[in-house]
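Structure file run_7.txt; described as compact mmCIF, C-alpha atoms.
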# COMPACT_ATOMS: atom_id res chain seq x y z
CA MET A 1 122.00 83.82 129.20
CA ARG A 2 119.34 81.84 127.30
CA ARG A 3 117.23 84.96 126.83
CA GLU A 4 120.14 86.97 125.49
CA LEU A 5 121.16 84.22 123.07
CA PHE A 6 117.59 83.94 121.74
CA ARG A 7 117.40 87.70 121.39
CA LEU A 8 120.66 87.86 119.43
CA ALA A 9 119.54 84.96 117.22
CA ALA A 10 116.20 86.69 116.58
CA GLN A 11 117.89 89.95 115.68
CA ALA A 12 120.37 88.17 113.39
CA SER A 13 117.49 86.44 111.57
CA GLY A 14 115.61 89.75 111.36
CA LEU A 15 118.61 91.52 109.83
CA LEU A 16 119.10 88.71 107.33
CA GLY A 17 115.40 88.97 106.46
CA TYR A 18 115.75 92.70 105.87
CA MET A 19 118.83 92.22 103.70
CA ALA A 20 117.05 89.53 101.67
CA VAL A 21 114.33 92.06 100.78
CA ASN A 22 116.99 94.44 99.50
CA MET A 23 118.35 91.60 97.35
CA GLY A 24 114.87 90.85 96.01
CA ASP A 25 114.69 87.36 97.58
CA PHE A 26 111.26 87.62 99.21
CA ALA A 27 110.77 83.93 99.97
CA LEU A 28 114.06 83.84 101.90
CA SER A 29 113.15 87.06 103.67
CA GLU A 30 109.81 85.66 104.79
CA ALA A 31 111.51 82.56 106.22
CA TYR A 32 114.03 84.64 108.17
CA CYS A 33 111.35 87.01 109.48
CA ILE A 34 109.14 84.18 110.69
CA GLU A 35 112.15 82.63 112.42
CA ALA A 36 112.95 85.99 114.08
CA ARG A 37 109.34 86.38 115.21
CA GLU A 38 109.20 82.87 116.69
CA LEU A 39 112.51 83.22 118.51
CA SER A 40 111.49 86.53 120.05
CA CYS A 41 108.06 85.14 121.01
CA GLU A 42 109.78 82.26 122.79
CA ILE A 43 111.40 84.66 125.28
CA GLY A 44 108.64 87.28 125.37
CA ASP A 45 110.78 89.90 123.64
CA LEU A 46 107.96 92.10 122.34
CA GLU A 47 110.20 94.77 120.82
CA THR A 48 112.08 92.33 118.58
CA GLU A 49 108.85 90.51 117.76
CA LEU A 50 107.23 93.73 116.55
CA TRP A 51 110.34 94.64 114.55
CA ALA A 52 110.32 91.19 112.91
CA CYS A 53 106.64 91.61 112.04
CA GLY A 54 107.42 95.01 110.53
CA THR A 55 110.17 93.49 108.40
CA LEU A 56 107.85 90.69 107.29
CA SER A 57 105.28 93.29 106.26
CA PHE A 58 108.05 95.19 104.44
CA SER A 59 108.94 92.00 102.55
CA LEU A 60 105.33 91.29 101.60
CA TYR A 61 104.98 94.87 100.35
CA TYR A 62 107.90 94.60 97.96
CA ALA A 63 106.69 91.19 96.84
CA GLY A 64 103.50 92.96 95.72
CA ARG A 65 101.34 91.26 98.35
CA TYR A 66 99.82 94.49 99.63
CA ASP A 67 96.75 93.12 101.41
CA GLU A 68 98.91 90.62 103.29
CA ALA A 69 101.44 93.32 104.16
CA ASP A 70 98.66 95.38 105.71
CA VAL A 71 97.14 92.45 107.60
CA CYS A 72 100.56 91.46 108.98
CA ALA A 73 101.31 94.98 110.22
CA ALA A 74 97.80 95.55 111.57
CA ALA A 75 97.92 92.35 113.64
CA ALA A 76 101.23 93.42 115.18
CA VAL A 77 99.89 96.90 115.99
CA GLU A 78 96.95 95.28 117.80
CA ARG A 79 99.47 93.47 120.01
CA ALA A 80 100.91 96.77 121.24
CA PRO A 81 99.14 99.83 119.81
CA ARG A 82 101.10 102.36 121.89
CA HIS A 83 104.53 100.74 121.50
CA ALA A 84 107.21 102.80 119.75
CA GLN A 85 107.74 99.98 117.22
CA SER A 86 104.16 100.51 116.08
CA ILE A 87 105.29 103.74 114.39
CA ARG A 88 107.11 101.65 111.80
CA LEU A 89 104.30 99.11 111.60
CA LEU A 90 101.76 101.84 110.91
CA VAL A 91 103.62 103.94 108.37
CA ASN A 92 105.98 101.49 106.68
CA GLY A 93 103.63 98.52 106.98
CA ARG A 94 100.04 99.73 106.92
CA ALA A 95 100.07 103.16 105.23
CA ARG A 96 102.21 102.19 102.26
CA ALA A 97 100.27 98.98 101.62
CA LEU A 98 96.95 100.81 101.97
CA GLY A 99 98.21 103.42 99.53
CA LYS A 100 98.82 100.69 96.96
CA THR A 101 95.32 99.28 97.46
CA GLY A 102 93.82 102.76 97.17
CA ASP A 103 92.31 102.94 100.66
CA ARG A 104 92.80 106.66 101.11
CA ARG A 105 90.96 107.02 104.43
CA ALA A 106 92.68 104.09 106.16
CA ALA A 107 96.11 105.14 104.87
CA GLY A 108 95.61 108.67 106.19
CA ARG A 109 94.49 107.31 109.55
CA ALA A 110 97.58 105.06 109.80
CA ILE A 111 99.88 107.99 109.01
CA GLY A 112 98.15 110.14 111.62
CA GLN A 113 98.49 107.40 114.24
CA ALA A 114 102.19 106.98 113.43
CA LEU A 115 102.82 110.71 113.82
CA GLY A 116 100.84 110.73 117.07
CA LEU A 117 103.01 107.91 118.44
CA SER A 118 106.10 109.82 117.32
CA ASP A 119 105.02 112.72 119.55
CA LEU A 120 104.14 110.37 122.40
CA HIS A 121 107.57 108.72 122.38
CA ASP A 122 109.53 111.90 121.56
CA VAL A 123 111.44 110.13 118.78
CA PRO A 124 114.47 111.69 117.06
CA VAL A 125 113.78 114.35 114.45
CA GLY A 126 116.20 112.92 111.90
CA LEU A 127 116.20 110.23 109.26
CA THR A 128 116.97 107.18 111.39
CA ALA A 129 118.48 104.14 109.69
CA CYS A 130 115.93 101.83 108.06
CA ILE A 131 117.69 98.75 109.37
CA SER A 132 117.94 99.98 112.96
CA PHE A 133 116.06 98.22 115.75
CA GLU A 134 115.37 101.65 117.25
CA PRO A 135 112.00 103.37 116.68
CA TYR A 136 111.55 105.39 113.51
CA GLY A 137 112.57 109.04 113.71
CA ARG A 138 110.06 111.64 112.52
CA ALA A 139 111.79 112.28 109.18
CA ARG A 140 111.84 108.54 108.44
CA THR A 141 108.13 108.38 109.22
CA LEU A 142 107.40 111.29 106.88
CA ALA A 143 109.53 109.72 104.14
CA ASN A 144 107.38 106.60 104.36
CA ALA A 145 104.22 108.69 104.39
CA VAL A 146 105.42 110.32 101.17
CA THR A 147 105.52 106.90 99.47
CA SER A 148 101.93 106.26 100.53
CA HIS A 149 100.85 109.70 99.26
CA VAL A 150 102.52 109.05 95.89
CA ALA A 151 100.47 105.86 95.47
CA LEU A 152 97.32 107.81 96.35
CA ARG A 153 98.29 110.67 94.00
CA ASN A 154 98.26 113.18 96.87
CA THR A 155 100.78 115.32 95.00
CA VAL A 156 100.47 118.47 97.10
CA GLN A 157 101.02 116.49 100.31
CA VAL A 158 104.06 114.73 98.82
CA LEU A 159 105.77 118.00 97.97
CA ARG A 160 104.81 119.56 101.31
CA ASP A 161 106.22 116.65 103.35
CA VAL A 162 109.40 116.47 101.28
CA GLU A 163 110.00 120.16 101.88
CA HIS A 164 109.99 119.45 105.64
CA ILE A 165 112.54 116.63 105.43
CA ASP A 166 114.63 117.60 102.41
CA ASP A 167 117.65 118.89 104.37
CA LEU A 168 117.66 115.83 106.64
CA VAL A 169 117.42 113.49 103.65
CA GLU A 170 120.29 115.22 101.87
CA HIS A 171 122.49 114.83 104.95
CA SER A 172 121.61 111.16 105.35
CA ALA A 173 124.45 108.66 105.09
CA SER A 174 122.16 106.35 103.11
CA CYS A 175 122.46 106.79 99.36
CA TRP A 176 119.41 104.52 99.03
CA SER A 177 117.22 106.79 101.15
CA ARG A 178 118.27 109.80 99.11
CA SER A 179 117.56 107.85 95.94
CA LEU A 180 114.12 106.66 97.06
CA VAL A 181 112.95 110.14 98.06
CA ARG A 182 114.05 111.48 94.66
CA LEU A 183 112.09 108.76 92.90
CA ASP A 184 108.98 109.53 94.95
CA VAL A 185 109.25 113.24 94.16
CA ALA A 186 109.81 112.47 90.48
CA ALA A 187 106.64 110.36 90.40
CA ALA A 188 104.68 113.15 92.12
CA LEU A 189 105.94 115.78 89.65
CA LEU A 190 104.53 113.68 86.82
CA GLN A 191 101.15 113.44 88.59
CA GLN A 192 100.66 117.21 88.58
CA ARG A 193 98.08 118.78 86.28
CA THR A 194 101.03 120.18 84.34
CA PRO A 195 103.72 117.49 84.64
CA ASP A 196 107.27 118.74 85.21
CA ILE A 197 108.93 116.19 82.97
CA ASP A 198 112.42 117.68 82.89
CA HIS A 199 112.70 117.99 86.66
CA ALA A 200 111.24 114.51 87.21
CA MET A 201 113.71 112.90 84.81
CA ALA A 202 116.63 114.80 86.33
CA LEU A 203 115.67 113.42 89.75
CA GLY A 204 115.30 109.95 88.28
CA ARG A 205 118.80 110.05 86.81
CA GLU A 206 120.20 111.34 90.12
CA ALA A 207 118.51 108.45 91.92
CA LEU A 208 120.17 105.89 89.65
CA ARG A 209 123.58 107.50 90.02
CA LEU A 210 123.31 107.64 93.81
CA CYS A 211 122.99 103.85 93.93
CA GLY A 212 125.54 103.21 91.21
CA LEU A 213 126.71 99.60 91.41
CA THR A 214 124.82 98.85 94.63
CA PRO A 215 121.15 98.55 93.64
CA ILE A 216 118.49 97.36 96.07
CA SER A 217 115.04 96.05 95.23
CA SER A 218 113.14 99.13 96.43
CA VAL A 219 115.18 101.45 94.20
CA TYR A 220 114.91 99.02 91.30
CA GLN A 221 111.12 98.80 91.61
CA ARG A 222 110.56 102.55 91.91
CA SER A 223 112.95 103.43 89.08
CA ARG A 224 111.22 100.82 86.89
CA ASP A 225 107.81 102.22 87.84
CA LEU A 226 109.03 105.72 86.93
CA HIS A 227 110.20 104.42 83.57
CA GLU A 228 106.74 102.99 82.94
CA GLN A 229 105.03 106.16 84.20
CA VAL A 230 106.76 108.33 81.58
CA GLY A 231 105.62 106.11 78.72
CA PRO A 232 103.21 108.75 77.34
CA TRP A 233 106.14 111.18 76.92
CA ARG A 234 108.60 108.68 75.44
CA ASP A 235 109.59 111.08 72.64
CA HIS A 236 110.61 113.82 75.10
CA PRO A 237 114.44 114.17 75.15
CA ALA A 238 114.66 113.99 78.97
CA VAL A 239 112.54 110.82 78.98
CA ARG A 240 114.79 109.22 76.36
CA ASP A 241 117.85 110.13 78.45
CA TYR A 242 116.32 108.59 81.58
CA GLY A 243 115.31 105.49 79.63
CA ASP A 244 118.84 105.01 78.32
CA GLU A 245 120.34 105.45 81.78
CA PHE A 246 117.76 103.16 83.39
CA ARG A 247 118.41 100.39 80.84
CA THR A 248 122.16 100.61 81.41
CA TRP A 249 121.78 100.71 85.21
CA SER A 250 119.30 97.84 85.29
CA SER A 251 121.47 95.61 83.08
CA GLN A 252 124.00 95.00 85.85
CA PRO A 253 123.80 91.48 87.32
CA ALA A 254 122.37 92.50 90.71
CA ALA A 255 119.56 94.49 89.09
CA LEU A 256 118.83 91.71 86.59
CA ALA A 257 118.33 89.31 89.51
CA MET A 258 115.84 91.74 91.04
CA ALA A 259 114.03 92.05 87.72
CA SER A 260 113.66 88.28 87.63
CA SER A 261 112.26 88.13 91.17
CA ALA A 262 109.80 90.95 90.44
CA SER A 263 108.43 89.37 87.28

As structure tokens, how would this structure be written, given the file I've shared?
Amino acid sequence: MRRELFRLAAQASGLLGYMAVNMGDFALSEAYCIEARELSCEIGDLETELWACGTLSFSLYYAGRYDEADVCAAAAVERAPRHAQSIRLLVNGRARALGKTGDRRAAGRAIGQALGLSDLHDVPVGLTACISFEPYGRARTLANAVTSHVALRNTVQVLRDVEHIDDLVEHSASCWSRSLVRLDVAAALLQQRTPDIDHAMALGREALRLCGLTPISSVYQRSRDLHEQVGPWRDHPAVRDYGDEFRTWSSQPAALAMASSAS
């Protein structure tokens, strides 16, 4: 009974930590994740411990603390390198943070290890829910790899991976996942030798509309980054349209709170 109560408490804290990231409250998220990790350690619940560490890394990433996000995820992977939860730690924790710091070789290695573990554990093919305690499905892993490749400007790899998961993404119940993939593709289209501005801005507008009145910090940050990325083409009609829509979308109270936490 004690073990089950601790496990439920750890999972509740972990979920609250994850939700706090989506609200842009990174200090609160860190507190919840540490609590979840300590509760799960107390009963030797390795699976929940690793999940809590992955969520802490996720929080550090969106707080812009990329080196810490990588260190946090790497330490957890060392605890259980062949555990199914290490798929998430490697691709959502390590690879994305390493992409932001520009460590191309280490990011590629982390993605390869995550895909290798996916094969080892025969995970689902589809786009599993981000908030699930279950191991990442292969499409979810590739979606995270795409974000790392965008940061590293691996445009060809971004478009290749998205082609593999596009149908699964479009059938996902998560409007946020569909929005985030669109924003990643839009960023990649602008990185090409001949930027596809119209297509990128169309995807950006779709991403904003998918979230509507329910923004989350990850969508806010990537849509803001896209807005900054198109600065050199600010006089292009499609860029002006995206800018107008982004300013309207980001003026809602929930998005304004995220803007404050990100500044």

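Taking CA of Cys41 (chain A) as the reference point, CA of Gly14 (chain A) is found at 13.1 Å.
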
Checklist line | Within 10 Å of Asn154 (chain A) using all atoms listed in the file, minus same-chain residues under 5 positions, as a PyMOL selection string | finding: chain A and resi 104+146-149+159+188+191-192

Notebook entry, point to check: Using all atoms listed in the file, which of the listed residues (A:Arg7, A:Arg178, A:Arg65, A:Arg79) sits closest to Arg96 (chain A)?
Noted result: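 Using all atoms listed in the file, the shortest distance to Arg96 (chain A) belongs to A:Arg65.
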
Next item on the list: Can you pull out every residue within 7 Å of Leu210 (chain A), counting all atoms listed in the file, but drop anything in the same chain fewer than 3 positions away, and send it as a list of chain:residue names?
Entry: A:Cys175, A:Ser179, A:Glu206, A:Ala207

Check: Of the residues A:Gly116, A:Gly243, A:Pro124, A:Gly108, which is the one nearest to Arg205 (chain A), using only C-alpha atoms?
Finding: A:Gly243
